[in-house]
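**Student:** The following file, model-v4.json, comprises JSON, C-alpha atoms and all ligand atoms:
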```json
[["chain", "number", "residue", "atom", "x", "y", "z"],
["A", 1, "MET", "CA", 134.05, -89.06, 113.15],
["A", 2, "LYS", "CA", 133.12, -87.56, 116.55],
["A", 3, "LEU", "CA", 133.13, -83.97, 117.76],
["A", 4, "GLY", "CA", 135.01, -83.02, 120.95],
["A", 5, "LYS", "CA", 133.27, -82.72, 124.31],
["A", 6, "HIS", "CA", 132.41, -79.00, 124.06],
["A", 7, "LEU", "CA", 131.53, -76.49, 121.34],
["A", 8, "LEU", "CA", 133.22, -73.30, 122.49],
["A", 9, "GLY", "CA", 133.91, -71.79, 119.08],
["A", 10, "ILE", "CA", 134.35, -72.43, 115.37],
["A", 11, "GLU", "CA", 138.07, -71.67, 115.64],
["A", 12, "GLY", "CA", 139.86, -75.00, 115.55],
["A", 13, "LEU", "CA", 137.03, -76.99, 113.92],
["A", 14, "SER", "CA", 138.09, -78.80, 110.75],
["A", 15, "LYS", "CA", 136.26, -78.77, 107.41],
["A", 16, "GLU", "CA", 135.24, -82.39, 108.10],
["A", 17, "GLU", "CA", 133.79, -81.52, 111.52],
["A", 18, "ILE", "CA", 131.83, -78.59, 110.06],
["A", 19, "ASN", "CA", 130.49, -80.80, 107.26],
["A", 20, "LEU", "CA", 129.53, -83.47, 109.83],
["A", 21, "ILE", "CA", 127.45, -80.91, 111.76],
["A", 22, "LEU", "CA", 125.82, -79.54, 108.59],
["A", 23, "ASP", "CA", 125.03, -83.03, 107.24],
["A", 24, "THR", "CA", 123.56, -84.05, 110.61],
["A", 25, "ALA", "CA", 121.51, -80.84, 110.66],
["A", 26, "GLU", "CA", 120.01, -81.75, 107.27],
["A", 27, "LYS", "CA", 118.87, -85.05, 108.78],
["A", 28, "MET", "CA", 117.46, -83.21, 111.80],
["A", 29, "ARG", "CA", 115.42, -80.96, 109.47],
["A", 30, "GLU", "CA", 113.45, -84.06, 108.49],
["A", 31, "VAL", "CA", 112.27, -84.45, 112.10],
["A", 32, "ALA", "CA", 110.42, -81.12, 111.80],
["A", 33, "GLU", "CA", 108.46, -82.49, 108.85],
["A", 34, "ARG", "CA", 107.08, -85.47, 110.78],
["A", 35, "PRO", "CA", 103.59, -85.43, 112.37],
["A", 36, "ILE", "CA", 105.29, -86.08, 115.75],
["A", 37, "LYS", "CA", 108.32, -83.78, 115.80],
["A", 38, "LYS", "CA", 110.27, -85.75, 118.38],
["A", 39, "VAL", "CA", 112.95, -88.45, 118.52],
["A", 40, "PRO", "CA", 114.25, -90.27, 121.62],
["A", 41, "ALA", "CA", 117.96, -89.58, 120.99],
["A", 42, "LEU", "CA", 118.66, -87.64, 124.22],
["A", 43, "ARG", "CA", 116.04, -89.19, 126.49],
["A", 44, "GLY", "CA", 117.18, -88.98, 130.13],
["A", 45, "LYS", "CA", 119.76, -86.21, 129.49],
["A", 46, "LEU", "CA", 119.44, -82.95, 131.40],
["A", 47, "ILE", "CA", 120.43, -79.77, 129.56],
["A", 48, "VAL", "CA", 120.65, -76.41, 131.35],
["A", 49, "ASN", "CA", 120.12, -73.25, 129.31],
["A", 50, "LEU", "CA", 122.07, -70.54, 131.15],
["A", 51, "PHE", "CA", 121.34, -67.16, 129.59],
["A", 52, "PHE", "CA", 123.02, -64.19, 131.27],
["A", 53, "GLU", "CA", 122.20, -61.95, 128.27],
["A", 54, "PRO", "CA", 118.90, -61.46, 126.38],
["A", 55, "SER", "CA", 118.08, -63.74, 123.46],
["A", 56, "THR", "CA", 115.08, -64.55, 121.28],
["A", 57, "ARG", "CA", 116.35, -66.83, 118.49],
["A", 58, "THR", "CA", 119.19, -68.72, 120.17],
["A", 59, "ARG", "CA", 117.42, -69.46, 123.39],
["A", 60, "SER", "CA", 114.11, -70.52, 121.87],
["A", 61, "SER", "CA", 115.70, -72.67, 119.17],
["A", 62, "PHE", "CA", 117.97, -74.46, 121.68],
["A", 63, "GLU", "CA", 114.93, -75.17, 123.83],
["A", 64, "ILE", "CA", 112.95, -76.51, 120.87],
["A", 65, "ALA", "CA", 115.97, -78.56, 119.72],
["A", 66, "GLU", "CA", 116.30, -80.11, 123.20],
["A", 67, "LYS", "CA", 112.60, -80.94, 123.32],
["A", 68, "ARG", "CA", 112.69, -82.49, 119.83],
["A", 69, "LEU", "CA", 115.54, -84.73, 121.00],
["A", 70, "SER", "CA", 113.53, -85.68, 124.15],
["A", 71, "ALA", "CA", 116.05, -84.16, 126.59],
["A", 72, "ASP", "CA", 114.94, -82.65, 129.92],
["A", 73, "THR", "CA", 115.61, -78.91, 130.07],
["A", 74, "LEU", "CA", 116.15, -76.32, 132.77],
["A", 75, "ASN", "CA", 115.91, -72.69, 131.71],
["A", 76, "PHE", "CA", 117.90, -70.19, 133.71],
["A", 77, "SER", "CA", 117.88, -66.46, 133.09],
["A", 78, "THR", "CA", 119.47, -63.65, 135.06],
["A", 79, "GLY", "CA", 116.21, -61.76, 135.61],
["A", 80, "THR", "CA", 114.67, -64.56, 137.70],
["A", 81, "SER", "CA", 117.81, -65.89, 139.41],
["A", 82, "SER", "CA", 119.99, -65.18, 142.44],
["A", 83, "VAL", "CA", 122.48, -63.41, 140.15],
["A", 84, "LEU", "CA", 120.31, -60.36, 140.99],
["A", 85, "LYS", "CA", 121.30, -60.91, 144.65],
["A", 86, "GLY", "CA", 125.00, -60.85, 143.79],
["A", 87, "GLU", "CA", 125.75, -64.53, 143.14],
["A", 88, "THR", "CA", 128.72, -64.98, 140.81],
["A", 89, "LEU", "CA", 128.85, -67.00, 137.58],
["A", 90, "LEU", "CA", 131.06, -69.61, 139.24],
["A", 91, "ASP", "CA", 128.86, -69.98, 142.32],
["A", 92, "THR", "CA", 125.79, -70.26, 140.09],
["A", 93, "VAL", "CA", 127.44, -73.01, 138.03],
["A", 94, "LEU", "CA", 128.76, -74.89, 141.09],
["A", 95, "ASN", "CA", 125.23, -74.97, 142.51],
["A", 96, "ILE", "CA", 123.58, -76.08, 139.27],
["A", 97, "GLU", "CA", 126.30, -78.71, 138.80],
["A", 98, "ARG", "CA", 124.98, -80.51, 141.92],
["A", 99, "MET", "CA", 121.74, -81.09, 139.97],
["A", 100, "GLN", "CA", 123.83, -83.29, 137.61],
["A", 101, "PRO", "CA", 123.20, -81.77, 134.19],
["A", 102, "ASP", "CA", 124.70, -83.46, 131.13],
["A", 103, "ALA", "CA", 125.24, -80.18, 129.27],
["A", 104, "TYR", "CA", 125.13, -76.42, 129.60],
["A", 105, "VAL", "CA", 124.12, -74.04, 126.82],
["A", 106, "MET", "CA", 125.49, -70.70, 127.95],
["A", 107, "ARG", "CA", 125.33, -67.08, 126.84],
["A", 108, "HIS", "CA", 127.35, -64.54, 128.81],
["A", 109, "ALA", "CA", 128.74, -61.05, 128.23],
["A", 110, "SER", "CA", 132.34, -62.05, 129.06],
["A", 111, "PRO", "CA", 134.55, -63.49, 126.32],
["A", 112, "GLY", "CA", 135.98, -66.82, 127.44],
["A", 113, "SER", "CA", 133.29, -67.43, 130.08],
["A", 114, "CYS", "CA", 132.08, -70.65, 128.39],
["A", 115, "GLY", "CA", 135.63, -72.02, 128.35],
["A", 116, "PHE", "CA", 136.06, -70.95, 131.98],
["A", 117, "ILE", "CA", 133.15, -73.04, 133.28],
["A", 118, "THR", "CA", 134.45, -76.22, 131.57],
["A", 119, "ASN", "CA", 137.02, -76.35, 134.41],
["A", 120, "TYR", "CA", 134.29, -76.82, 137.01],
["A", 121, "ILE", "CA", 131.71, -79.12, 135.45],
["A", 122, "LYS", "CA", 131.52, -82.73, 134.25],
["A", 123, "GLY", "CA", 129.29, -82.34, 131.18],
["A", 124, "SER", "CA", 129.51, -80.52, 127.86],
["A", 125, "VAL", "CA", 129.37, -76.77, 127.28],
["A", 126, "ILE", "CA", 127.93, -75.17, 124.18],
["A", 127, "ASN", "CA", 128.74, -71.53, 123.67],
["A", 128, "ALA", "CA", 125.55, -69.61, 122.81],
["A", 129, "GLY", "CA", 127.50, -66.34, 122.55],
["A", 130, "ASP", "CA", 130.31, -65.14, 124.85],
["A", 131, "GLY", "CA", 130.62, -61.36, 124.60],
["A", 132, "PRO", "CA", 132.33, -60.32, 121.38],
["A", 133, "HIS", "CA", 134.27, -63.62, 121.14],
["A", 134, "GLU", "CA", 132.27, -66.35, 119.33],
["A", 135, "HIS", "CA", 128.74, -67.54, 118.56],
["A", 136, "PRO", "CA", 129.46, -70.91, 116.93],
["A", 137, "THR", "CA", 125.93, -72.21, 116.39],
["A", 138, "GLN", "CA", 125.02, -68.93, 114.64],
["A", 139, "ALA", "CA", 127.86, -69.41, 112.13],
["A", 140, "LEU", "CA", 126.79, -73.04, 111.64],
["A", 141, "LEU", "CA", 123.17, -72.12, 110.91],
["A", 142, "ASP", "CA", 124.40, -69.37, 108.58],
["A", 143, "ALA", "CA", 126.57, -71.96, 106.83],
["A", 144, "LEU", "CA", 123.68, -74.40, 106.46],
["A", 145, "THR", "CA", 121.61, -71.62, 104.88],
["A", 146, "ILE", "CA", 124.44, -70.62, 102.51],
["A", 147, "ARG", "CA", 125.01, -74.27, 101.50],
["A", 148, "GLN", "CA", 121.29, -74.74, 100.79],
["A", 149, "LYS", "CA", 121.07, -71.57, 98.67],
["A", 150, "LYS", "CA", 124.49, -71.60, 96.99],
["A", 151, "GLY", "CA", 125.42, -75.29, 96.91],
["A", 152, "GLY", "CA", 128.78, -74.82, 98.70],
["A", 153, "PHE", "CA", 131.41, -72.34, 99.85],
["A", 154, "GLU", "CA", 134.42, -72.70, 97.55],
["A", 155, "LYS", "CA", 135.34, -69.26, 96.06],
["A", 156, "LEU", "CA", 132.05, -67.73, 97.22],
["A", 157, "ASP", "CA", 132.40, -63.94, 97.71],
["A", 158, "VAL", "CA", 130.90, -63.04, 101.08],
["A", 159, "LEU", "CA", 130.59, -59.52, 102.51],
["A", 160, "ILE", "CA", 129.96, -58.96, 106.22],
["A", 161, "CYS", "CA", 129.10, -55.35, 107.10],
["A", 162, "GLY", "CA", 128.52, -53.59, 110.41],
["A", 163, "ASP", "CA", 129.98, -53.44, 113.89],
["A", 164, "ILE", "CA", 132.88, -55.80, 113.24],
["A", 165, "THR", "CA", 134.68, -54.94, 116.50],
["A", 166, "HIS", "CA", 131.87, -56.02, 118.81],
["A", 167, "SER", "CA", 130.41, -58.89, 116.79],
["A", 168, "ARG", "CA", 130.88, -62.51, 117.93],
["A", 169, "VAL", "CA", 128.92, -63.56, 114.83],
["A", 170, "VAL", "CA", 131.56, -62.09, 112.52],
["A", 171, "ARG", "CA", 134.41, -63.89, 114.26],
["A", 172, "SER", "CA", 132.68, -67.28, 114.13],
["A", 173, "ASN", "CA", 131.64, -66.70, 110.53],
["A", 174, "ILE", "CA", 135.15, -65.72, 109.41],
["A", 175, "HIS", "CA", 136.64, -68.88, 110.96],
["A", 176, "LEU", "CA", 133.97, -71.03, 109.33],
["A", 177, "LEU", "CA", 133.87, -69.40, 105.89],
["A", 178, "LYS", "CA", 137.68, -69.31, 105.56],
["A", 179, "THR", "CA", 137.93, -72.99, 106.61],
["A", 180, "MET", "CA", 135.33, -73.88, 103.98],
["A", 181, "GLY", "CA", 137.12, -71.97, 101.16],
["A", 182, "ALA", "CA", 135.06, -68.77, 100.80],
["A", 183, "ASN", "CA", 136.48, -65.28, 100.22],
["A", 184, "VAL", "CA", 135.44, -62.88, 102.99],
["A", 185, "THR", "CA", 135.36, -59.07, 102.92],
["A", 186, "VAL", "CA", 134.34, -56.95, 105.91],
["A", 187, "SER", "CA", 132.97, -53.42, 105.71],
["A", 188, "GLY", "CA", 131.78, -50.70, 108.07],
["A", 189, "PRO", "CA", 133.10, -47.45, 109.56],
["A", 190, "ALA", "CA", 136.85, -47.66, 110.27],
["A", 191, "THR", "CA", 136.01, -46.97, 113.94],
["A", 192, "MET", "CA", 134.19, -50.33, 114.05],
["A", 193, "ILE", "CA", 136.84, -52.46, 112.33],
["A", 194, "PRO", "CA", 139.64, -53.77, 114.57],
["A", 195, "PRO", "CA", 143.18, -53.68, 113.12],
["A", 196, "TYR", "CA", 143.74, -57.43, 113.74],
["A", 197, "ILE", "CA", 140.86, -58.48, 111.49],
["A", 198, "GLU", "CA", 143.05, -58.67, 108.35],
["A", 199, "LYS", "CA", 145.21, -61.26, 110.14],
["A", 200, "MET", "CA", 142.13, -63.52, 110.04],
["A", 201, "GLY", "CA", 142.51, -63.67, 106.25],
["A", 202, "VAL", "CA", 139.76, -61.23, 105.28],
["A", 203, "LYS", "CA", 139.77, -58.15, 103.04],
["A", 204, "VAL", "CA", 138.74, -54.80, 104.55],
["A", 205, "GLU", "CA", 136.81, -52.28, 102.42],
["A", 206, "THR", "CA", 135.36, -49.30, 104.29],
["A", 207, "ASN", "CA", 133.66, -47.97, 101.14],
["A", 208, "PHE", "CA", 130.39, -49.95, 101.41],
["A", 209, "GLU", "CA", 129.36, -49.45, 97.78],
["A", 210, "LYS", "CA", 132.72, -50.74, 96.54],
["A", 211, "ALA", "CA", 132.51, -53.64, 99.00],
["A", 212, "LEU", "CA", 129.09, -54.72, 97.66],
["A", 213, "LEU", "CA", 130.25, -55.10, 94.04],
["A", 214, "LYS", "CA", 129.48, -58.59, 92.68],
["A", 215, "LYS", "CA", 129.09, -60.25, 96.09],
["A", 216, "ASP", "CA", 127.31, -63.64, 96.29],
["A", 217, "VAL", "CA", 126.30, -63.26, 99.95],
["A", 218, "VAL", "CA", 125.81, -60.08, 102.00],
["A", 219, "MET", "CA", 125.52, -60.46, 105.77],
["A", 220, "MET", "CA", 124.43, -57.31, 107.61],
["A", 221, "LEU", "CA", 125.12, -56.91, 111.32],
["A", 222, "ARG", "CA", 123.44, -54.93, 114.07],
["A", 223, "ILE", "CA", 125.34, -52.08, 115.72],
["A", 224, "GLN", "CA", 125.98, -53.29, 119.26],
["A", 225, "LEU", "CA", 125.39, -50.03, 121.13],
["A", 226, "GLU", "CA", 125.33, -51.98, 124.43],
["A", 227, "ARG", "CA", 129.01, -52.99, 123.94],
["A", 228, "GLN", "CA", 130.29, -49.62, 122.66],
["A", 229, "GLU", "CA", 132.00, -47.52, 125.32],
["A", 230, "LYS", "CA", 131.89, -44.31, 123.26],
["A", 231, "ALA", "CA", 130.10, -43.10, 120.12],
["A", 232, "LEU", "CA", 131.76, -44.68, 117.06],
["A", 233, "PHE", "CA", 129.66, -42.83, 114.44],
["A", 234, "PRO", "CA", 127.75, -39.50, 114.40],
["A", 235, "SER", "CA", 124.13, -40.77, 114.36],
["A", 236, "LEU", "CA", 121.96, -43.73, 113.37],
["A", 237, "LYS", "CA", 120.56, -41.64, 110.49],
["A", 238, "GLU", "CA", 124.04, -40.97, 109.16],
["A", 239, "TYR", "CA", 124.99, -44.64, 109.60],
["A", 240, "PHE", "CA", 122.04, -45.68, 107.43],
["A", 241, "LEU", "CA", 122.97, -43.08, 104.81],
["A", 242, "THR", "CA", 126.50, -44.52, 104.52],
["A", 243, "TYR", "CA", 126.20, -48.19, 105.47],
["A", 244, "GLY", "CA", 122.48, -49.04, 105.28],
["A", 245, "LEU", "CA", 121.66, -51.78, 102.77],
["A", 246, "THR", "CA", 119.09, -50.11, 100.52],
["A", 247, "GLU", "CA", 117.42, -51.56, 97.40],
["A", 248, "GLU", "CA", 119.66, -49.34, 95.24],
["A", 249, "ARG", "CA", 122.85, -50.54, 96.91],
["A", 250, "PHE", "CA", 121.76, -54.18, 96.85],
["A", 251, "LYS", "CA", 121.70, -53.96, 93.01],
["A", 252, "LEU", "CA", 125.52, -53.61, 93.12],
["A", 253, "CYS", "CA", 125.81, -57.24, 94.26],
["A", 254, "ASP", "CA", 125.65, -60.29, 91.99],
["A", 255, "SER", "CA", 122.11, -60.71, 90.58],
["A", 256, "LYS", "CA", 121.76, -63.98, 92.57],
["A", 257, "CYS", "CA", 123.09, -62.52, 95.82],
["A", 258, "ILE", "CA", 121.35, -63.49, 99.06],
["A", 259, "VAL", "CA", 120.87, -61.18, 102.06],
["A", 260, "MET", "CA", 121.55, -62.52, 105.55],
["A", 261, "HIS", "CA", 121.30, -61.11, 109.08],
["A", 262, "PRO", "CA", 121.71, -62.99, 112.38],
["A", 263, "GLY", "CA", 119.02, -60.82, 114.01],
["A", 264, "PRO", "CA", 117.75, -58.91, 115.76],
["A", 265, "ILE", "CA", 117.46, -56.56, 112.78],
["A", 266, "ASN", "CA", 117.18, -52.81, 113.17],
["A", 267, "ARG", "CA", 115.12, -51.68, 110.19],
["A", 268, "GLY", "CA", 116.24, -48.33, 108.82],
["A", 269, "VAL", "CA", 119.62, -48.55, 110.59],
["A", 270, "GLU", "CA", 121.70, -51.31, 108.94],
["A", 271, "ILE", "CA", 119.05, -52.57, 106.52],
["A", 272, "ALA", "CA", 116.03, -51.09, 104.72],
["A", 273, "SER", "CA", 112.73, -52.91, 105.23],
["A", 274, "GLU", "CA", 112.39, -53.41, 101.46],
["A", 275, "VAL", "CA", 115.65, -55.43, 101.46],
["A", 276, "ALA", "CA", 115.01, -57.30, 104.73],
["A", 277, "ASP", "CA", 111.69, -58.53, 103.33],
["A", 278, "CYS", "CA", 112.71, -59.02, 99.65],
["A", 279, "LYS", "CA", 112.71, -62.38, 97.82],
["A", 280, "ASP", "CA", 116.51, -62.65, 98.13],
["A", 281, "SER", "CA", 116.43, -62.27, 101.90],
["A", 282, "VAL", "CA", 117.08, -65.55, 103.74],
["A", 283, "ILE", "CA", 116.87, -64.05, 107.24],
["A", 284, "LEU", "CA", 113.94, -66.22, 108.34],
["A", 285, "ASP", "CA", 115.48, -69.32, 106.68],
["A", 286, "GLN", "CA", 118.47, -68.74, 108.99],
["A", 287, "VAL", "CA", 116.13, -68.80, 111.99],
["A", 288, "GLU", "CA", 114.46, -72.00, 110.77],
["A", 289, "ASN", "CA", 117.85, -73.68, 110.30],
["A", 290, "GLY", "CA", 118.77, -72.71, 113.87],
["A", 291, "VAL", "CA", 116.66, -75.51, 115.33],
["A", 292, "ALA", "CA", 118.17, -78.20, 113.07],
["A", 293, "VAL", "CA", 121.74, -77.03, 113.65],
["A", 294, "ARG", "CA", 121.26, -76.95, 117.42],
["A", 295, "MET", "CA", 119.69, -80.41, 117.34],
["A", 296, "ALA", "CA", 122.73, -81.64, 115.39],
["A", 297, "VAL", "CA", 125.24, -80.10, 117.81],
["A", 298, "LEU", "CA", 123.45, -81.46, 120.90],
["A", 299, "TYR", "CA", 123.10, -84.89, 119.30],
["A", 300, "LEU", "CA", 126.75, -85.09, 118.26],
["A", 301, "LEU", "CA", 128.15, -83.78, 121.57],
["A", 302, "LEU", "CA", 125.93, -85.80, 123.86],
["A", 303, "GLY", "CA", 126.64, -89.05, 122.10],
["A", 304, "GLY", "CA", 123.34, -89.85, 120.36],
["A", 305, "GLY", "CA", 123.55, -93.33, 118.81],
["A", 306, "GLU", "CA", 123.61, -94.08, 115.07],
["A", 307, "ASN", "CA", 119.96, -95.10, 114.76],
["A", 308, "GLU", "CA", 118.38, -92.81, 117.30],
["A", 309, "THR", "CA", 116.92, -90.23, 114.93],
["A", 310, "SER", "CA", 114.16, -92.70, 114.01],
["A", 311, "ASN", "CA", 110.91, -92.77, 115.97],
["A", 401, "LIG", "N1", 121.25, -64.18, 116.43],
["A", 401, "LIG", "C1", 121.06, -64.23, 117.75],
["A", 401, "LIG", "O1", 121.94, -64.66, 118.51],
["A", 401, "LIG", "O2", 119.83, -63.78, 118.15],
["A", 401, "LIG", "P1", 119.35, -63.74, 119.67],
["A", 401, "LIG", "O3", 120.20, -62.72, 120.38],
["A", 401, "LIG", "O4", 117.90, -63.37, 119.61],
["A", 401, "LIG", "O5", 119.57, -65.10, 120.26]]
```
Please go through the file and, once you have read it, give me the structure as structure tokens.
**Tutor:**
Amino acid sequence: MKLGKHLLGIEGLSKEEINLILDTAEKMREVAERPIKKVPALRGKLIVNLFFEPSTRTRSSFEIAEKRLSADTLNFSTGTSSVLKGETLLDTVLNIERMQPDAYVMRHASPGSCGFITNYIKGSVINAGDGPHEHPTQALLDALTIRQKKGGFEKLDVLICGDITHSRVVRSNIHLLKTMGANVTVSGPATMIPPYIEKMGVKVETNFEKALLKKDVVMMLRIQLERQEKALFPSLKEYFLTYGLTEERFKLCDSKCIVMHPGPINRGVEIASEVADCKDSVILDQVENGVAVRMAVLYLLLGGGENETSN
């Protein structure tokens, strides 16, 4: 089986395609355990990392993934580019396209921007987060972590809590988890839960303590103040009092529940430090899996051959 040319979202991916990416990512994890953490699979390919929004995890793990696959990389960020002089996204892409890249990894504040540039370029586009729309590789690394810790997805009870309206992570995760057979509940203040979310097949429970009961996986999300046009809750202190994941509240979940967060975490806002750092937290495992998942996606999209993961 082969993936399509681009990875613009999880929406539309089949169970088989998701499993292919996760299985390939498991193989890519082995590369990190070798003395020389590099394979020649994408030698001679040029990948451009176009980041129009800040990033720590996604950007660095894509860059490491590209280097481990022996691709050539070009890192582009708004702060050091002619975007500051008024150049548009399209003009930027048309100029970079003349340098003949094989793929673009792009993060941008506008939903649909990754799909938009596919009309103007020859290579592949991987969405590294387009506004509040999708963040497909985040959902895939979350899925790899869940599969490692829980053995699968069928009938798993997953709670996602936070700023549901502005989160691209939640949308990608709902598409993925529903496709793989999990039950998904979302929680948070009603002002941060869009009315259409139930149409995506999830349950809504604004009472956080009720929502936590017997959950197998709890994924906490950051409040995206930069995307909120007006105040959606009284104060960060009050948010923590009602929706912060404290040790006491975490006890309401299943005794084997794992805690996830895509990062960056805001300690004392959506999650208490004691929970973020507890033995059931898999937040740093998610980050570690990010490199393997991004290697898998790049390898599958850019046509790495069957035997090219060997040295
Ligand atoms: N989870 C995530 O996308 O983190 P960054 O914004 O640091 O890339």
**Student:** Neighbours of ligand LIG 401 (chain A) at 9 Å or closer, counting only C-alpha atoms and all ligand atoms: which residues, as a PDB file with C-alpha atoms, keeping the file's coordinate frame?
**Tutor:**
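What ended up in part35.pdb:
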```
ATOM      1  CA  GLU A  53     122.200 -61.950 128.270  1.00  0.00           C
ATOM      2  CA  PRO A  54     118.900 -61.460 126.380  1.00  0.00           C
ATOM      3  CA  SER A  55     118.080 -63.740 123.460  1.00  0.00           C
ATOM      4  CA  THR A  56     115.080 -64.550 121.280  1.00  0.00           C
ATOM      5  CA  ARG A  57     116.350 -66.830 118.490  1.00  0.00           C
ATOM      6  CA  THR A  58     119.190 -68.720 120.170  1.00  0.00           C
ATOM      7  CA  ARG A  59     117.420 -69.460 123.390  1.00  0.00           C
ATOM      8  CA  SER A  60     114.110 -70.520 121.870  1.00  0.00           C
ATOM      9  CA  SER A  61     115.700 -72.670 119.170  1.00  0.00           C
ATOM     10  CA  ARG A 107     125.330 -67.080 126.840  1.00  0.00           C
ATOM     11  CA  ALA A 128     125.550 -69.610 122.810  1.00  0.00           C
ATOM     12  CA  GLY A 129     127.500 -66.340 122.550  1.00  0.00           C
ATOM     13  CA  HIS A 135     128.740 -67.540 118.560  1.00  0.00           C
ATOM     14  CA  THR A 137     125.930 -72.210 116.390  1.00  0.00           C
ATOM     15  CA  GLN A 138     125.020 -68.930 114.640  1.00  0.00           C
ATOM     16  CA  VAL A 169     128.920 -63.560 114.830  1.00  0.00           C
ATOM     17  CA  HIS A 261     121.300 -61.110 109.080  1.00  0.00           C
ATOM     18  CA  PRO A 262     121.710 -62.990 112.380  1.00  0.00           C
ATOM     19  CA  GLY A 263     119.020 -60.820 114.010  1.00  0.00           C
ATOM     20  CA  PRO A 264     117.750 -58.910 115.760  1.00  0.00           C
ATOM     21  CA  VAL A 287     116.130 -68.800 111.990  1.00  0.00           C
TER      22      VAL A 287
END
```
**Student:** Would you mind listing what lies within 7 Å of Leu50 (chain A) as a list in words, with only C-alpha atoms counted and same-chain residues fewer than 4 positions away left out?
**Tutor:**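 Skipping anything fewer than 4 positions along the chain leaves Asn75, Phe76, Ser77, Tyr104, Val105, Met106 and Arg107 of chain A.
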**Student:** Write the selection just made, keeping C-alpha atoms, as a tab-separated table (two decimals), in the coordinates of the input?
**Tutor:**
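For reference, selection-v4.tsv as written:
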```tsv
chain	number	residue	atom	x	y	z
A	75	ASN	CA	115.91	-72.69	131.71
A	76	PHE	CA	117.90	-70.19	133.71
A	77	SER	CA	117.88	-66.46	133.09
A	104	TYR	CA	125.13	-76.42	129.60
A	105	VAL	CA	124.12	-74.04	126.82
A	106	MET	CA	125.49	-70.70	127.95
A	107	ARG	CA	125.33	-67.08	126.84
```
**Student:** In Å, rounded to a single decimal, give me how far CA of Asp102 (chain A) is from CA of Leu298 (chain A).
**Tutor:**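 These atoms are spaced 10.5 Å apart.
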**Student:** So which residues touch region 200-211 of chain A within 6 Å, counting all atoms listed in the file, skipping near sequence neighbours fewer than 5 positions away, as number ranges by chain?
**Tutor:** A: 184-188
**Student:** Find the residues around Ile21 (chain A) up to 12 Å (only C-alpha atoms counted), leave out those fewer than 5 positions away in its own chain, and share them as a count of residues only.
**Tutor:** 29
**Student:** Could you state the separation of CA of Gln224 (chain A) and CA of Ser167 (chain A) in Å, given to one decimal place?
**Tutor:**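 Atom-to-atom, CA of Gln224 (chain A) to CA of Ser167 (chain A), that is 7.6 Å.
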**Student:** Record the distance separating CA of Pro189 (chain A) and CA of Leu236 (chain A), expressed in Å with one decimal.
**Tutor:** 12.3 Å
**Student:** As a list in words, please: the residues near Glu63 (chain A) (cut-off 9 Å, all atoms listed in the file, same-chain neighbours under 6 positions excluded).
**Tutor:**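 My list of contacting residues is Asn49, Thr73, Asn75 and Val291 of chain A.
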**Student:** Taking all atoms listed in the file into account, which of A:Leu241, A:Val39, A:Phe233, A:Leu213 comes nearest Ser255 (chain A)?
**Tutor:**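 The closest residue to Ser255 (chain A) is A:Leu213.
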**Student:** Counting all atoms listed in the file, which of A:Ser82, A:Asn289, A:Gln100, A:Asn173 gets nearest to Gln148 (chain A)?
**Tutor:**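 Smallest separation from Gln148 (chain A) among the options: A:Asn289.
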**Student:** Taking (133.3, -61.7, 128.1) as a centre in this file's frame and 9 Å as the limit, can you find every polymer residue with an atom that close, using only C-alpha atoms, and give them as a list of chain:residue names?
**Tutor:**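 Every residue inside that radius is included here: A:His108, A:Ala109, A:Ser110, A:Pro111, A:Gly112, A:Ser113, A:Asp130, A:Gly131, A:Pro132, A:His133.
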**Student:** Restricting the calculation to all atoms listed in the file, which member of A:Phe153, A:Phe51, A:Tyr120, A:Tyr239 is positioned closest to Asn183 (chain A)?
**Tutor:**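 For Asn183 (chain A), the nearest of the candidates is A:Phe153.
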